[in-house]
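Q: Starting off with a structure, shown below.
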Amino acid sequence: MSRTWANSLDLHLDARAPRIRAAVEDALREAVTSGRLPAGTRLPPTRALAADLGVARNTVADAYAQLVAEGWLEALVGSGTWVADRHVVEPPSPSPPSGVPRTVRYDLRSGEPDLGLFPRRAWLAAARAVLREMPDRLLGYPDPRGVPELRVALAGYLGRARGVSVDPDRIVVCAGMTHALAVLGRLLRARGAESVAVEGYGHLSHHGLIERQGLRPVPLPVDANGARPGDLGGVSAALLTPAHQFPLGVTLHPERRRAFVDWAVRSGGIVIEDDYDGEFRYDRQPVGAMQALAPEHVVYAGTASKSLAPGLRLGWLVVPGALRDELIEVKEASGATTSSLDQLTLAQLIASGGYDRQVRAARLRYRRRRDRLVSTLGRRVPGVSVRGISAGLQALVELRPDLREREVIARARERGLALDGLEGYTAIDERRDRGALVVGYTRPPEHAYTTALARLCAALAEGGS
Ligand SMILES: Cc1ncc(COP(=O)(O)O)c(C=O)c1O
């Protein structure tokens with residue numbers, strides 16, 4: 001390994017970072033993983049770099065130590081700190097033999113939050129408090145609506161955080177939104193419904209779930225203002241993601257919210273508002289839930305899958321009075337439920353303020369991840385743009401016309417990076433001139449994000465056919 005000296009370092013420090021040590025650490029990691037500082041480079045002494053950056057010497061020393069612990073740097077006694085030989089250099093493109101995919105080490109597919117952010121300590125403290133205080137009778141079969149403690153806590157939270165008009169008696173706890181959707185589908189079918197409008201871009205698995213309840217999903221076109229109400233003539237319900245359309249990332253325009261609600265009021269139809277990531281808006285206060293416009297015609301659906309972890313299988317519906325009892329029956333018949341211990345723990349977490357703190361911490365981390373995605377792509381991959389509002393856990397990355405979605409995904413896979421294309425979320429027969437990726441920027445653990453982004457850039461920068 002050849003040795004070079006870096007007397008000064010051009011680090012891209014995030015001046016807005018609340019923790020300067022983390023910012024120095026991130027900037028150094030970025031410089032190493034992107035290859036700007038090749039293996040064998042000697043870093044400036046901590047005192048010199050600290051003076052250059054205008055930070056305390058300890059800040060730089062701590063950042064060096066952290067990167068040594070991670071293996072990016074090596075500290076050699078008496079001869080300073082060096083870039084170790086394991087940094088990620090994107091190979092020029094030596095494709096592996098076809099049919100031999102490299103192991104996926106980095107994952108930017110959508111669907112999961114940063115699981116490393118799960119508030120283990122707060123959850124444990126809440127679970128301890130629950131176990132200490134709960135009477136034995138709460139270990140019996142739980143109320144099919146969900147334990148009252150959780151419904152009360154959720155009513156308070158949803159009212160203040162999402163503007164949902166809610167009484168705890170109208171809340172039904174489910175095993176995640178997916179279970180809630182199956183229950184709603186079964187209920188609608190039992191009431192004679194035949195079809196449900198869905199967004200033309202969305203989870204095809206949700207459309208499949210609707211189909212399996214004996215209902216026909218009818219895809220609606222989606223544009224920059226969200227789903228187009230168009231002709232809702234024959235449908236009995238409309239499944240929408242108003243706050244942050246999945247996966248295009250737009251919000252439902254106020255006039256369209258109104259139009260969907262008016263349709264529901266006029267026709268006796270139901271709007272199902274999937275508010276899967278409503279708390280995660282980064283540039284302004286989130287738009288409140290649509291449910292408040294017409295609580296007797298909108299079913300609000302929320303989940304802990306993004307704010308905490310999908311493994312909990314915890315979601316909740318706020319339902320119109322006319323549907324409530326029947327829905328509880330159908331839910332009970334579905335056989336699925338969530339452990340009352342987990343329900344009580346979530347209730348305790350919300351009541352103690354721990355849930356709000358978690359959402360705030362996650363919001364900050366995810367905003368910074370999204371900002372980095374936007375700025376890194378802007379710097380390194382001209383012509384590729386991030387679409388949609390500054391919100392949520394995934395972003396739509398629209399490709400240049402010379403880039404093919406499937407080819408980019410295949411190239412990324414060769415680099416050990418898993419990606420999702422928009423094609424897999426398209427249920428509508430609209431011609432798309434451009435491909436796009438649905439990038440889940442929250443999925444990698446914090447230490448792997450820089451490398452995941454570097455690999456994404458490499459897969460995109462290689463140019464099209
Ligand atoms: C649009 C949308 N709705 C809902 C969910 C959450 O589903 P569940 O609560 O079943 O995990 C997701 C998660 O990926 C989602 O992307």
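Numbering starts fresh at 1 for the residues of each chain in the structure tokens, the chains themselves are lettered A, B, ... in the order given, and ligands are numbered from 1 as they appear.
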Step one, run DSSP on the backbone; step two, keep only residues of range 177-405 of chain A assigned to strand (DSSP E or B); then write them as a ChimeraX atom specification.
A: /A:195-199,201,216-220,222-223,226-227,237-240,270-274,281,298-303,315-318,385-387,391,394-398
Q: What do you get as a list in words if you pick all residues at most 6 Å from ligand 1, counting only C-alpha atoms and all ligand atoms?
A: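 Based on only C-alpha atoms and all ligand atoms, ligand 1 is surrounded within 6 Å by Gly111, Gly176, Met177, Thr178, Phe246, Asp274, Tyr276, Thr303, Ser305, Pro310 and Gly315 of chain A.
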Q: Could you write out the selected residues, including all heavy atoms, as an mmCIF file, in the first residue's frame?
A:
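Saved file out_23.cif follows:
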data_model
loop_
_atom_site.group_PDB
_atom_site.id
_atom_site.type_symbol
_atom_site.label_atom_id
_atom_site.label_comp_id
_atom_site.auth_asym_id
_atom_site.auth_seq_id
_atom_site.Cartn_x
_atom_site.Cartn_y
_atom_site.Cartn_z
ATOM 1 N N GLY A 111 -39.668 0.566 2.838
ATOM 2 C CA GLY A 111 -40.475 -0.346 3.664
ATOM 3 C C GLY A 111 -40.096 -0.399 5.127
ATOM 4 O O GLY A 111 -40.930 -0.718 5.951
ATOM 5 N N GLY A 176 -51.173 -4.350 12.629
ATOM 6 C CA GLY A 176 -50.596 -3.598 11.507
ATOM 7 C C GLY A 176 -51.657 -3.185 10.504
ATOM 8 O O GLY A 176 -52.793 -3.665 10.527
ATOM 9 N N MET A 177 -51.243 -2.275 9.623
ATOM 10 C CA MET A 177 -52.155 -1.763 8.597
ATOM 11 C C MET A 177 -52.591 -2.870 7.635
ATOM 12 O O MET A 177 -53.713 -2.897 7.155
ATOM 13 C CB MET A 177 -51.427 -0.625 7.857
ATOM 14 C CG MET A 177 -52.019 -0.221 6.542
ATOM 15 S SD MET A 177 -53.651 0.526 6.735
ATOM 16 C CE MET A 177 -54.186 0.564 5.021
ATOM 17 N N THR A 178 -51.683 -3.794 7.389
ATOM 18 C CA THR A 178 -52.002 -4.867 6.442
ATOM 19 C C THR A 178 -53.174 -5.697 6.959
ATOM 20 O O THR A 178 -54.111 -6.004 6.214
ATOM 21 C CB THR A 178 -50.758 -5.762 6.246
ATOM 22 O OG1 THR A 178 -49.630 -4.904 6.057
ATOM 23 C CG2 THR A 178 -50.899 -6.677 5.070
ATOM 24 N N PHE A 246 -47.811 7.094 -1.470
ATOM 25 C CA PHE A 246 -46.810 6.044 -1.625
ATOM 26 C C PHE A 246 -46.966 5.424 -2.990
ATOM 27 O O PHE A 246 -48.051 4.927 -3.313
ATOM 28 C CB PHE A 246 -46.960 4.947 -0.566
ATOM 29 C CG PHE A 246 -45.864 3.933 -0.688
ATOM 30 C CD1 PHE A 246 -44.686 4.087 0.008
ATOM 31 C CD2 PHE A 246 -45.989 2.853 -1.562
ATOM 32 C CE1 PHE A 246 -43.642 3.188 -0.151
ATOM 33 C CE2 PHE A 246 -44.953 1.953 -1.723
ATOM 34 C CZ PHE A 246 -43.781 2.115 -1.013
ATOM 35 N N ASP A 274 -54.832 5.898 4.583
ATOM 36 C CA ASP A 274 -53.637 5.190 5.063
ATOM 37 C C ASP A 274 -52.584 6.243 5.424
ATOM 38 O O ASP A 274 -51.908 6.791 4.565
ATOM 39 C CB ASP A 274 -53.141 4.247 3.952
ATOM 40 C CG ASP A 274 -51.853 3.522 4.346
ATOM 41 O OD1 ASP A 274 -51.370 3.725 5.473
ATOM 42 O OD2 ASP A 274 -51.334 2.758 3.502
ATOM 43 N N TYR A 276 -49.650 6.140 6.870
ATOM 44 C CA TYR A 276 -48.545 5.283 7.321
ATOM 45 C C TYR A 276 -47.333 6.051 7.827
ATOM 46 O O TYR A 276 -46.582 5.543 8.649
ATOM 47 C CB TYR A 276 -48.146 4.326 6.185
ATOM 48 C CG TYR A 276 -47.564 5.051 4.988
ATOM 49 C CD1 TYR A 276 -46.208 4.976 4.697
ATOM 50 C CD2 TYR A 276 -48.358 5.839 4.172
ATOM 51 C CE1 TYR A 276 -45.674 5.655 3.623
ATOM 52 C CE2 TYR A 276 -47.828 6.530 3.112
ATOM 53 C CZ TYR A 276 -46.485 6.431 2.840
ATOM 54 O OH TYR A 276 -45.946 7.125 1.793
ATOM 55 N N THR A 303 -50.115 3.227 11.900
ATOM 56 C CA THR A 303 -49.284 2.058 12.177
ATOM 57 C C THR A 303 -48.051 2.452 12.982
ATOM 58 O O THR A 303 -47.585 3.583 12.889
ATOM 59 C CB THR A 303 -48.843 1.396 10.846
ATOM 60 O OG1 THR A 303 -47.992 0.289 11.116
ATOM 61 C CG2 THR A 303 -48.101 2.361 9.940
ATOM 62 N N SER A 305 -45.376 0.770 12.372
ATOM 63 C CA SER A 305 -44.325 0.150 11.557
ATOM 64 C C SER A 305 -43.244 1.126 11.132
ATOM 65 O O SER A 305 -42.108 0.723 10.882
ATOM 66 C CB SER A 305 -44.934 -0.500 10.314
ATOM 67 O OG SER A 305 -45.681 -1.622 10.694
ATOM 68 N N PRO A 310 -41.729 -2.472 12.302
ATOM 69 C CA PRO A 310 -42.804 -3.308 11.749
ATOM 70 C C PRO A 310 -42.953 -4.632 12.484
ATOM 71 O O PRO A 310 -44.020 -5.229 12.475
ATOM 72 C CB PRO A 310 -42.390 -3.527 10.291
ATOM 73 C CG PRO A 310 -40.992 -3.065 10.166
ATOM 74 C CD PRO A 310 -40.667 -2.203 11.326
ATOM 75 N N GLY A 315 -51.056 -1.686 14.636
ATOM 76 C CA GLY A 315 -51.658 -0.622 13.842
ATOM 77 C C GLY A 315 -53.003 -0.283 14.451
ATOM 78 O O GLY A 315 -53.455 -0.951 15.390
#
Q: Just want the 6 Å neighbourhood of range 211-222 of chain A, counted on only C-alpha atoms, with same-chain residues fewer than 4 positions away dropped. Output as a PyMOL selection string.
A: chain A and resi 185-186+194-200+226-228
Q: List the spatial neighbours of Arg170 in chain A as a PyMOL selection string - criterion: any atom at most 12 Å away, only C-alpha atoms, same-chain residues fewer than 4 positions off excluded.
A: chain A and resi 145-146+148+151-152+154-155+164-166+295-296+298-301+316-325+327-328
Q: List every residue of range 130-239 of chain A that has an atom at most 8 Å from any atom of range 329-333 of chain A, giving for each one its closest atom pair and the distance in Å to one decimal, counting only C-alpha atoms, sorted by chain and then by ascending residue number, as CSV.
A:
residue,atom,partner,partner_atom,distance
A:Pro144,CA,A:Glu332,CA,6.1
A:Cys174,CA,A:Lys331,CA,7.9
A:Val183,CA,A:Lys331,CA,5.7
A:Arg186,CA,A:Val330,CA,7.3
A:Leu187,CA,A:Val330,CA,6.5
Q: Can you write just those residues out, N, CA, C and O atoms, as a PDB file, in the first residue's frame?
A:
ATOM      1  N   PRO A 144     -61.169  -7.277  21.981  1.00  0.00           N
ATOM      2  CA  PRO A 144     -60.900  -7.318  20.528  1.00  0.00           C
ATOM      3  C   PRO A 144     -60.719  -5.919  19.915  1.00  0.00           C
ATOM      4  O   PRO A 144     -60.130  -5.785  18.842  1.00  0.00           O
ATOM      5  N   CYS A 174     -55.206  -3.156  15.472  1.00  0.00           N
ATOM      6  CA  CYS A 174     -55.020  -4.313  14.589  1.00  0.00           C
ATOM      7  C   CYS A 174     -53.562  -4.732  14.585  1.00  0.00           C
ATOM      8  O   CYS A 174     -52.703  -4.032  15.131  1.00  0.00           O
ATOM      9  N   VAL A 183     -59.168  -6.796   7.132  1.00  0.00           N
ATOM     10  CA  VAL A 183     -60.418  -6.762   7.909  1.00  0.00           C
ATOM     11  C   VAL A 183     -61.422  -5.823   7.221  1.00  0.00           C
ATOM     12  O   VAL A 183     -62.604  -6.163   7.042  1.00  0.00           O
ATOM     13  N   ARG A 186     -62.839  -7.414   4.079  1.00  0.00           N
ATOM     14  CA  ARG A 186     -63.824  -8.454   4.383  1.00  0.00           C
ATOM     15  C   ARG A 186     -65.158  -7.822   4.794  1.00  0.00           C
ATOM     16  O   ARG A 186     -66.229  -8.258   4.410  1.00  0.00           O
ATOM     17  N   LEU A 187     -65.054  -6.749   5.575  1.00  0.00           N
ATOM     18  CA  LEU A 187     -66.258  -6.048   6.019  1.00  0.00           C
ATOM     19  C   LEU A 187     -67.008  -5.449   4.819  1.00  0.00           C
ATOM     20  O   LEU A 187     -68.236  -5.586   4.696  1.00  0.00           O
TER      21      LEU A 187
END
Q: Smallest atom-to-atom distance to Glu25 in chain A: which of A:Leu456, A:Ile350, A:Ala61, A:Ala39, using only C-alpha atoms?
A: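 Nearest candidate to Glu25 in chain A out of A:Leu456, A:Ile350, A:Ala61, A:Ala39: A:Ala61.
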Q: Among range 262-424 of chain A, which ones does DSSP place in alpha helix (DSSP H), written as a ChimeraX atom specification?
A: /A:262-267,321-334,340-351,354-380,405-414
Q: Do you have the CA of Ala454 in chain A-CA of Glu30 in chain A distance handy?
A: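 Answer for the CA of Ala454 in chain A to CA of Glu30 in chain A separation: 8.7 Å.
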Q: Would you list the contacts of range 131-134 of chain A as a count of residues only, taking every protein, DNA or RNA residue within 12 Å and counting only C-alpha atoms, but skipping same-chain residues closer than 6 positions in sequence?
A: 10
Q: Using only C-alpha atoms, pick whichever of A:Gly421, A:Arg47, A:Gly78, A:Ala294 has the shortest atom-to-atom distance to Asp262 in chain A.
A: A:Ala294
Q: Would you mind reading off the distance between CA of Ala22 in chain A and CA of Ala362 in chain A, one decimal, in Å?
A: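 Computing it gives 15.8 Å between the two atoms.
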Q: What is the CA of Val374 in chain A to CA of Val386 in chain A distance in Å?
A: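 Computing it gives 6.3 Å between the two atoms.
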Q: Could you name the residues that touch Pro254 in chain A at 12 Å or less, counting only C-alpha atoms, but leaving out those on the same chain fewer than 6 positions away, as a list of chain:residue names?
A: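 Once the adjacent positions are removed, what remains is A:Asn225, A:Gly226, A:Ala227, A:Arg228, A:Pro242, A:Ala243, A:Phe260, A:Val261, A:Val287, A:Gly288, A:Ala289, A:Met290, A:Leu293.
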Q: Have a look at A:Arg404, A:Arg357, A:Arg455, A:Arg365 and name the one nearest to Arg380 in chain A; count only C-alpha atoms.
A: A:Arg455
Q: Nearest residue to Thr337 in chain A out of A:Glu74, A:Asp143, A:Asp231, A:Glu398, using only C-alpha atoms?
A: A:Asp143
Q: Can you tell me, as a list in words, what residues are no more than 10 Å from Leu460 in chain A when counting only C-alpha atoms, ignoring any on the same chain fewer than 6 positions away?
A: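 Final neighbour list, sorted by chain and number: Leu377, Arg380, Val381, Pro382, Val384, Leu399, Arg400, Leu403, Arg404, Glu405, Glu407, Val408, Ile409, Arg411, Ala412 and Ala454 of chain A.
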